[in-house]
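Raw contents of data_26.cif, mmCIF, C-alpha atoms:
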data_work
#
loop_
_atom_site.label_atom_id
_atom_site.label_comp_id
_atom_site.auth_asym_id
_atom_site.auth_seq_id
_atom_site.Cartn_x
_atom_site.Cartn_y
_atom_site.Cartn_z
CA MET A 30 72.98 95.28 92.43
CA ASN A 31 75.04 92.55 90.86
CA ALA A 32 73.30 89.55 89.34
CA PRO A 33 74.61 86.41 91.09
CA ARG A 34 76.83 84.19 88.98
CA ARG A 35 75.42 80.73 88.45
CA SER A 36 78.62 78.73 88.58
CA PRO A 37 80.05 76.06 90.89
CA ALA A 38 83.14 78.28 91.13
CA PHE A 39 81.12 81.05 92.84
CA ARG A 40 78.62 81.15 95.69
CA PRO A 41 76.21 83.93 96.67
CA VAL A 42 77.18 86.24 99.50
CA TYR A 43 73.65 87.34 100.43
CA ARG A 44 70.68 85.29 101.58
CA ASP A 45 68.28 87.29 99.39
CA ALA A 46 67.98 90.46 97.33
CA GLU A 47 66.42 92.42 100.18
CA GLY A 48 69.39 91.65 102.41
CA GLU A 49 71.82 92.73 99.71
CA ALA A 50 69.95 96.02 99.32
CA ARG A 51 70.10 96.72 103.06
CA VAL A 52 73.83 96.00 103.22
CA ARG A 53 74.55 98.22 100.23
CA GLU A 54 72.42 101.04 101.62
CA TRP A 55 74.33 100.92 104.93
CA CYS A 56 77.67 100.98 103.12
CA GLN A 57 76.73 103.86 100.84
CA ALA A 58 75.57 105.93 103.82
CA ARG A 59 78.87 105.40 105.63
CA ILE A 60 80.93 106.23 102.54
CA SER A 61 78.97 109.40 101.81
CA ALA A 62 79.64 110.70 105.34
CA TRP A 63 83.24 111.46 104.30
CA PRO A 64 83.07 113.51 101.09
CA GLU A 65 86.84 113.30 100.55
CA LEU A 66 86.49 109.54 99.97
CA ARG A 67 85.51 109.27 96.33
CA PRO A 68 84.49 106.18 94.35
CA LEU A 69 86.78 105.16 91.51
CA PRO A 70 85.36 103.71 88.29
CA THR A 71 84.09 100.20 88.92
CA LEU A 72 86.45 97.51 87.64
CA ASP A 73 85.21 94.47 85.75
CA THR A 74 87.59 91.74 86.93
CA THR A 75 87.90 87.97 86.77
CA LEU A 76 86.06 87.86 90.11
CA GLY A 77 83.31 90.24 89.05
CA ARG A 78 82.61 93.91 89.58
CA THR A 79 85.02 95.52 92.04
CA GLN A 80 84.39 98.85 93.76
CA LEU A 81 87.32 100.99 94.88
CA PHE A 82 87.52 104.30 96.71
CA ARG A 83 90.27 106.89 96.97
CA ALA A 84 91.04 109.67 99.42
CA GLY A 85 93.78 112.17 98.76
CA GLY A 86 96.35 112.61 101.48
CA GLY A 87 99.86 113.60 102.43
CA PRO A 88 103.01 113.12 100.34
CA ALA A 89 103.99 109.65 101.58
CA THR A 90 103.68 106.46 99.53
CA PRO A 91 100.02 105.67 98.71
CA VAL A 92 98.48 102.70 100.47
CA LEU A 93 96.05 100.12 99.06
CA LEU A 94 93.92 98.74 101.89
CA LEU A 95 92.52 95.19 101.62
CA PRO A 96 89.99 94.58 104.43
CA GLY A 97 89.28 91.40 106.35
CA THR A 98 86.40 88.95 106.42
CA ASN A 99 83.02 90.71 106.59
CA PHE A 100 84.65 94.16 106.47
CA ASN A 101 84.98 96.67 103.64
CA ALA A 102 85.65 100.30 102.78
CA ALA A 103 82.52 101.51 104.56
CA THR A 104 83.54 99.90 107.85
CA THR A 105 87.08 101.27 107.50
CA VAL A 106 86.40 104.97 106.88
CA ALA A 107 87.78 106.08 110.26
CA VAL A 108 91.03 104.20 109.62
CA ALA A 109 91.35 105.71 106.16
CA ARG A 110 90.88 109.21 107.56
CA ARG A 111 93.77 108.65 109.96
CA LEU A 112 96.08 107.20 107.32
CA ALA A 113 95.22 109.96 104.84
CA GLY A 114 96.95 112.43 107.12
CA ASP A 115 100.20 111.01 105.74
CA ARG A 116 99.40 109.54 102.32
CA PRO A 117 96.72 108.87 99.69
CA VAL A 118 94.50 105.92 100.60
CA ILE A 119 92.85 103.51 98.17
CA MET A 120 90.32 101.08 99.62
CA VAL A 121 88.71 98.17 97.84
CA ASP A 122 85.72 96.00 98.67
CA LEU A 123 86.74 92.39 98.12
CA PRO A 124 84.46 90.57 95.67
CA GLY A 125 82.66 87.89 97.64
CA GLN A 126 82.54 89.85 100.89
CA PRO A 127 79.65 92.03 102.10
CA GLY A 128 79.92 95.47 100.56
CA LEU A 129 79.70 97.18 97.20
CA SER A 130 81.61 94.72 95.00
CA SER A 131 80.42 91.49 93.38
CA ALA A 132 77.74 89.62 95.32
CA THR A 133 79.28 86.23 94.53
CA ARG A 134 82.17 84.61 96.39
CA PRO A 135 84.89 82.67 94.59
CA VAL A 136 85.24 79.11 95.86
CA GLY A 137 88.81 78.30 96.82
CA GLY A 138 89.76 81.07 99.22
CA PRO A 139 92.60 83.59 98.91
CA PRO A 140 94.47 81.86 96.04
CA ARG A 141 91.47 82.70 93.82
CA TYR A 142 92.26 86.39 94.38
CA ALA A 143 95.83 86.29 93.06
CA GLY A 144 94.96 87.35 89.51
CA TRP A 145 92.32 89.75 90.81
CA LEU A 146 94.87 91.70 92.85
CA ARG A 147 97.08 91.97 89.79
CA GLU A 148 94.13 93.52 87.94
CA VAL A 149 93.48 95.97 90.78
CA LEU A 150 97.13 97.04 90.92
CA ALA A 151 97.23 97.57 87.17
CA ALA A 152 94.19 99.85 87.39
CA THR A 153 95.15 101.88 90.46
CA ALA A 154 98.92 102.06 90.80
CA GLU A 155 99.91 105.17 88.87
CA ARG A 156 102.86 105.13 91.27
CA ARG A 157 104.22 102.44 93.55
CA LEU A 158 102.17 101.80 96.65
CA ILE A 159 102.17 99.87 99.91
CA VAL A 160 99.63 97.06 100.23
CA LEU A 161 98.02 96.93 103.68
CA GLY A 162 96.16 93.68 104.26
CA HIS A 163 94.04 93.03 107.33
CA SER A 164 93.10 89.44 108.27
CA LEU A 165 91.64 87.93 105.06
CA GLY A 166 93.06 90.90 103.14
CA ALA A 167 96.55 89.91 104.27
CA ALA A 168 96.04 86.37 102.95
CA VAL A 169 94.80 87.80 99.64
CA ALA A 170 97.96 89.90 99.37
CA LEU A 171 100.26 86.97 100.17
CA ALA A 172 98.48 84.73 97.66
CA ALA A 173 99.32 87.13 94.83
CA GLU A 174 102.61 87.27 92.98
CA PRO A 175 104.97 90.08 94.02
CA SER A 176 104.73 93.06 91.72
CA PRO A 177 107.08 95.96 90.92
CA ARG A 178 104.06 98.16 91.64
CA VAL A 179 104.19 97.12 95.33
CA ALA A 180 106.72 99.13 97.36
CA GLY A 181 105.93 97.38 100.63
CA LEU A 182 103.62 94.91 102.34
CA LEU A 183 102.04 95.46 105.77
CA LEU A 184 100.11 92.51 107.18
CA VAL A 185 97.93 93.24 110.23
CA ASN A 186 96.25 90.39 112.15
CA PRO A 187 97.16 88.33 109.09
CA GLY A 188 95.48 85.24 107.81
CA GLY A 189 97.40 82.99 105.46
CA LEU A 190 100.43 82.32 107.69
CA CYS A 191 98.90 79.84 110.13
CA HIS A 192 95.61 78.31 111.21
CA ALA A 193 93.36 80.53 113.31
CA ARG A 194 92.93 79.60 116.94
CA LEU A 195 89.45 78.15 117.45
CA SER A 196 88.76 78.44 121.16
CA PRO A 197 85.64 77.71 123.21
CA ALA A 198 85.40 81.45 123.85
CA LEU A 199 85.34 82.13 120.11
CA LEU A 200 82.65 79.53 119.46
CA GLY A 201 80.66 80.87 122.41
CA ARG A 202 80.49 84.28 120.73
CA THR A 203 80.18 83.37 117.05
CA LEU A 204 77.60 80.57 117.13
CA PRO A 205 74.90 82.54 119.01
CA TRP A 206 75.62 85.55 116.77
CA LEU A 207 75.07 83.46 113.64
CA LEU A 208 72.11 81.39 114.86
CA ALA A 209 70.08 84.12 116.54
CA PRO A 210 71.48 87.56 115.71
CA SER A 211 70.78 90.39 118.12
CA PRO A 212 72.39 93.74 118.92
CA GLU A 213 73.71 92.34 122.21
CA ARG A 214 75.28 89.29 120.56
CA SER A 215 76.82 91.42 117.83
CA ARG A 216 78.36 93.69 120.45
CA ARG A 217 79.69 90.70 122.39
CA LEU A 218 81.37 89.42 119.23
CA ILE A 219 82.97 92.82 118.60
CA ASP A 220 84.17 92.84 122.21
CA PHE A 221 85.75 89.40 121.72
CA MET A 222 87.48 90.52 118.54
CA SER A 223 88.92 93.59 120.26
CA GLY A 224 91.39 94.24 123.03
CA PRO A 225 90.56 95.65 126.47
CA GLY A 226 89.00 99.06 126.63
CA GLU A 227 86.45 100.85 124.50
CA VAL A 228 86.33 99.92 120.84
CA PRO A 229 86.34 102.91 118.45
CA GLU A 230 82.92 103.26 116.82
CA ALA A 231 81.77 100.12 118.62
CA GLN A 232 78.09 100.88 118.09
CA ALA A 233 78.51 101.18 114.32
CA ALA A 234 80.62 98.01 114.25
CA ALA A 235 77.95 96.07 116.16
CA GLU A 236 75.24 97.45 113.88
CA TRP A 237 77.25 96.26 110.88
CA MET A 238 77.83 92.78 112.30
CA GLN A 239 74.10 92.53 112.96
CA LEU A 240 73.46 93.16 109.25
CA VAL A 241 76.08 90.58 108.29
CA ALA A 242 74.60 87.88 110.52
CA ARG A 243 71.05 88.48 109.28
CA HIS A 244 71.68 88.88 105.57
CA CYS A 245 75.03 87.32 104.61
CA ARG A 246 76.71 83.95 104.36
CA THR A 247 79.92 84.42 106.28
CA THR A 248 83.17 82.49 105.80
CA LEU A 249 85.76 80.86 108.02
CA ALA A 250 89.22 82.28 108.62
CA PRO A 251 91.58 81.61 105.69
CA ALA A 252 93.79 78.54 105.81
CA PRO A 253 97.60 78.80 105.66
CA LEU A 254 98.92 79.46 102.17
CA PRO A 255 101.57 77.30 100.50
CA ASP A 256 105.04 78.14 101.79
CA ALA A 257 106.29 79.04 98.31
CA SER A 258 103.56 81.65 97.86
CA VAL A 259 104.53 83.44 101.06
CA ARG A 260 108.29 83.17 100.55
CA ALA A 261 107.96 84.82 97.15
CA TRP A 262 107.56 88.15 98.98
CA ASP A 263 111.06 87.91 100.44
CA GLY A 264 112.37 90.67 98.17
CA THR A 265 109.68 93.20 99.16
CA PRO A 266 109.94 95.36 102.32
CA ARG A 267 107.39 93.80 104.64
CA ALA A 268 106.06 93.86 108.17
CA VAL A 269 103.73 91.73 110.28
CA ALA A 270 101.73 93.08 113.22
CA THR A 271 98.99 91.73 115.44
CA GLY A 272 97.22 92.66 118.65
CA ASP A 273 98.44 91.20 121.90
CA HIS A 274 94.82 90.15 122.56
CA ASP A 275 94.08 88.74 119.08
CA GLY A 276 91.88 85.70 119.67
CA PHE A 277 92.40 84.37 116.13
CA PHE A 278 96.05 85.08 115.29
CA PRO A 279 97.86 85.87 118.57
CA PRO A 280 101.56 86.79 118.49
CA GLU A 281 102.75 83.38 119.66
CA ARG A 282 100.93 81.72 116.77
CA LEU A 283 102.38 84.07 114.13
CA ILE A 284 106.00 84.40 115.29
CA GLY A 285 107.18 81.06 113.88
CA PRO A 286 105.72 81.26 110.37
CA ALA A 287 106.49 84.98 110.04
CA ARG A 288 110.15 84.34 110.81
CA ARG A 289 110.39 81.14 108.76
CA LEU A 290 108.51 82.27 105.66
CA LEU A 291 108.95 86.05 105.57
CA GLY A 292 112.13 86.49 107.58
CA VAL A 293 110.55 89.07 109.90
CA GLY A 294 109.44 89.28 113.48
CA VAL A 295 105.95 90.18 114.64
CA ARG A 296 105.18 93.66 115.90
CA THR A 297 102.81 93.34 118.86
CA LEU A 298 100.26 96.13 119.23
CA PRO A 299 99.38 96.53 122.92
CA ALA A 300 95.82 96.42 124.22
CA ALA A 301 94.51 95.46 120.77
CA GLY A 302 92.75 92.38 119.45
CA HIS A 303 91.90 91.01 116.03
CA LEU A 304 90.59 94.45 115.08
CA ALA A 305 93.98 96.09 115.71
CA LEU A 306 93.73 97.98 112.42
CA TYR A 307 90.68 99.78 113.82
CA GLU A 308 91.85 99.99 117.42
CA ARG A 309 95.40 101.24 116.76
CA PRO A 310 95.39 103.17 113.46
CA GLY A 311 98.16 105.41 114.77
CA ALA A 312 100.45 102.40 115.25
CA VAL A 313 99.55 101.17 111.77
CA ALA A 314 100.41 104.61 110.38
CA ALA A 315 103.81 104.41 112.09
CA LEU A 316 104.52 101.01 110.52
CA LEU A 317 103.60 102.38 107.11
CA ALA A 318 106.04 105.24 107.68
CA GLU A 319 108.84 102.74 108.31
CA LEU A 320 108.01 100.95 105.07
CA ASP A 321 108.11 104.29 103.25
CA HIS A 322 111.87 104.20 103.64
CA GLY A 323 112.20 100.65 102.33
CA ASP A 324 112.77 99.29 105.84
CA THR A 325 111.40 96.04 107.20
CA PRO A 326 110.29 97.05 110.72
CA ALA A 327 111.82 95.00 113.51
CA ALA A 328 109.70 93.16 116.06
CA ASP A 329 109.22 94.64 119.50
#

Would you kindly transcribe this structure into structure tokens?
Amino acid sequence: MNAPRRSPAFRPVYRDAEGEARVREWCQARISAWPELRPLPTLDTTLGRTQLFRAGGGPATPVLLLPGTNFNAATTVAVARRLAGDRPVIMVDLPGQPGLSSATRPVGGPPRYAGWLREVLAATAERRLIVLGHSLGAAVALAAEPSPRVAGLLLVNPGGLCHARLSPALLGRTLPWLLAPSPERSRRLIDFMSGPGEVPEAQAAAEWMQLVARHCRTTLAPAPLPDASVRAWDGTPRAVATGDHDGFFPPERLIGPARRLLGVGVRTLPAAGHLALYERPGAVAALLAELDHGDTPAAD
């Protein structure tokens, strides 16, 4: 386990060492269930130790997957297996989020990750790759400077473009989950974050969110980034997608800033919510295929 940094610039992710151990044990068990997903050497970065994983895949452009708030490589194994049918997949646990990277969170949000992503790209990009950012991971990608190592940018349910919608329904699911965690409340939160229908691996997702609520200090949705930071990606093939039932970043909230700052429309993924990456991995794979050719996918 990582020793917490004692600095006002960092805050601990876990409530105690026992909680950290339980989270790490859960993650390691999920990772080990797919032998093709192999750990890469741990990186020592400006934000602390960073754990990456790689799965070989088809001949298409490799993808670097940056997960959202409270998610990580272990929670995203099923998605990686689908994407690996087309291309190599690299997944990274964000330092400061529950998982196998640093147990301290940088104060300041996504802009603090700009230099960190540059370090990750330098260590992993033996060839150009597409960066796939989900929710917080999208904001982390947009906060970084464009790089010649990045062949494309796919932002799914993205933070960083606008404020999240804070509705009574959201508060009605998150506050009970945080204050008195239970399997039922964790499942209700997963249901809120998803579209209609059965959520893939819903039981495992609820089990994970139960661990997060009991043992971790969670964070709010990322705030909008400075316009100049987002516009800097204008020269990179890019796409924005969200679920038509996303309770945090619905299409109507993203359309304006996506068009104004990135010059793209928003691809709406039907019957999906804020977990569209997990609910519609086939649609995400199709968007990646469009970016393979240097295209910026049009909105629906």

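Excluding range 269-285 of chain A itself and any same-chain residue fewer than 6 positions from it, the protein and nucleic acid residues within 6 Å of it, counting all atoms listed in the file, are A:Leu184, A:Val185, A:Asn186, A:Ala193, A:Arg194, A:Gly224, A:Val295, A:Arg296, A:Thr297, A:Leu298, A:Pro299, A:Ala301, A:Gly302, A:His303, A:Ala305.
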
Task: Output of the PyMOL selection byres ((chain A and resi 227) around 12), listed as a count of residues only - done: 20

Open item on the list: Considering all atoms listed in the file, can you say which of A:Leu129, A:Leu200, A:Leu94, A:Cys191 comes closest to Leu150 in chain A?
Closed with: A:Leu94

- [ ] Go through the shown structure with the PyMOL selection byres ((chain A and resi 76-89) around 7) and write out the matching residues as an MDAnalysis selection string.
- [x] chainID A and resid 65:69 71:75 90:91 113:122 124 129:131 135 145 321

Open item on the list: Between CA of Leu290 in chain A and CA of Pro140 in chain A, what is the distance in Å, rounded to a tenth?
Closed with: 17.0 Å

Open item on the list: So that I can check the surroundings of range 164-180 of chain A, please list as a PyMOL selection string every protein, DNA and RNA residue that reaches within 9 Å of it, counting all atoms listed in the file and ignoring chain neighbours fewer than 4 positions away.
Closed with: chain A and resi 90+94-98+123+138-147+150-151+154-160+184-190+250-255+258-262+264-266+278+303-304+320-321+323

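Computed from the coordinates, the CA of Leu317 in chain A to CA of Asn101 in chain A distance equals 19.8 Å.
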
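One finds CA of Leu218 in chain A at 14.0 Å from CA of Leu195 in chain A.
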
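Using all atoms listed in the file, the shortest contact distance between Cys56 in chain A and any of A:Leu93, A:Leu240, A:Val108, A:Leu208 is found at A:Leu240.
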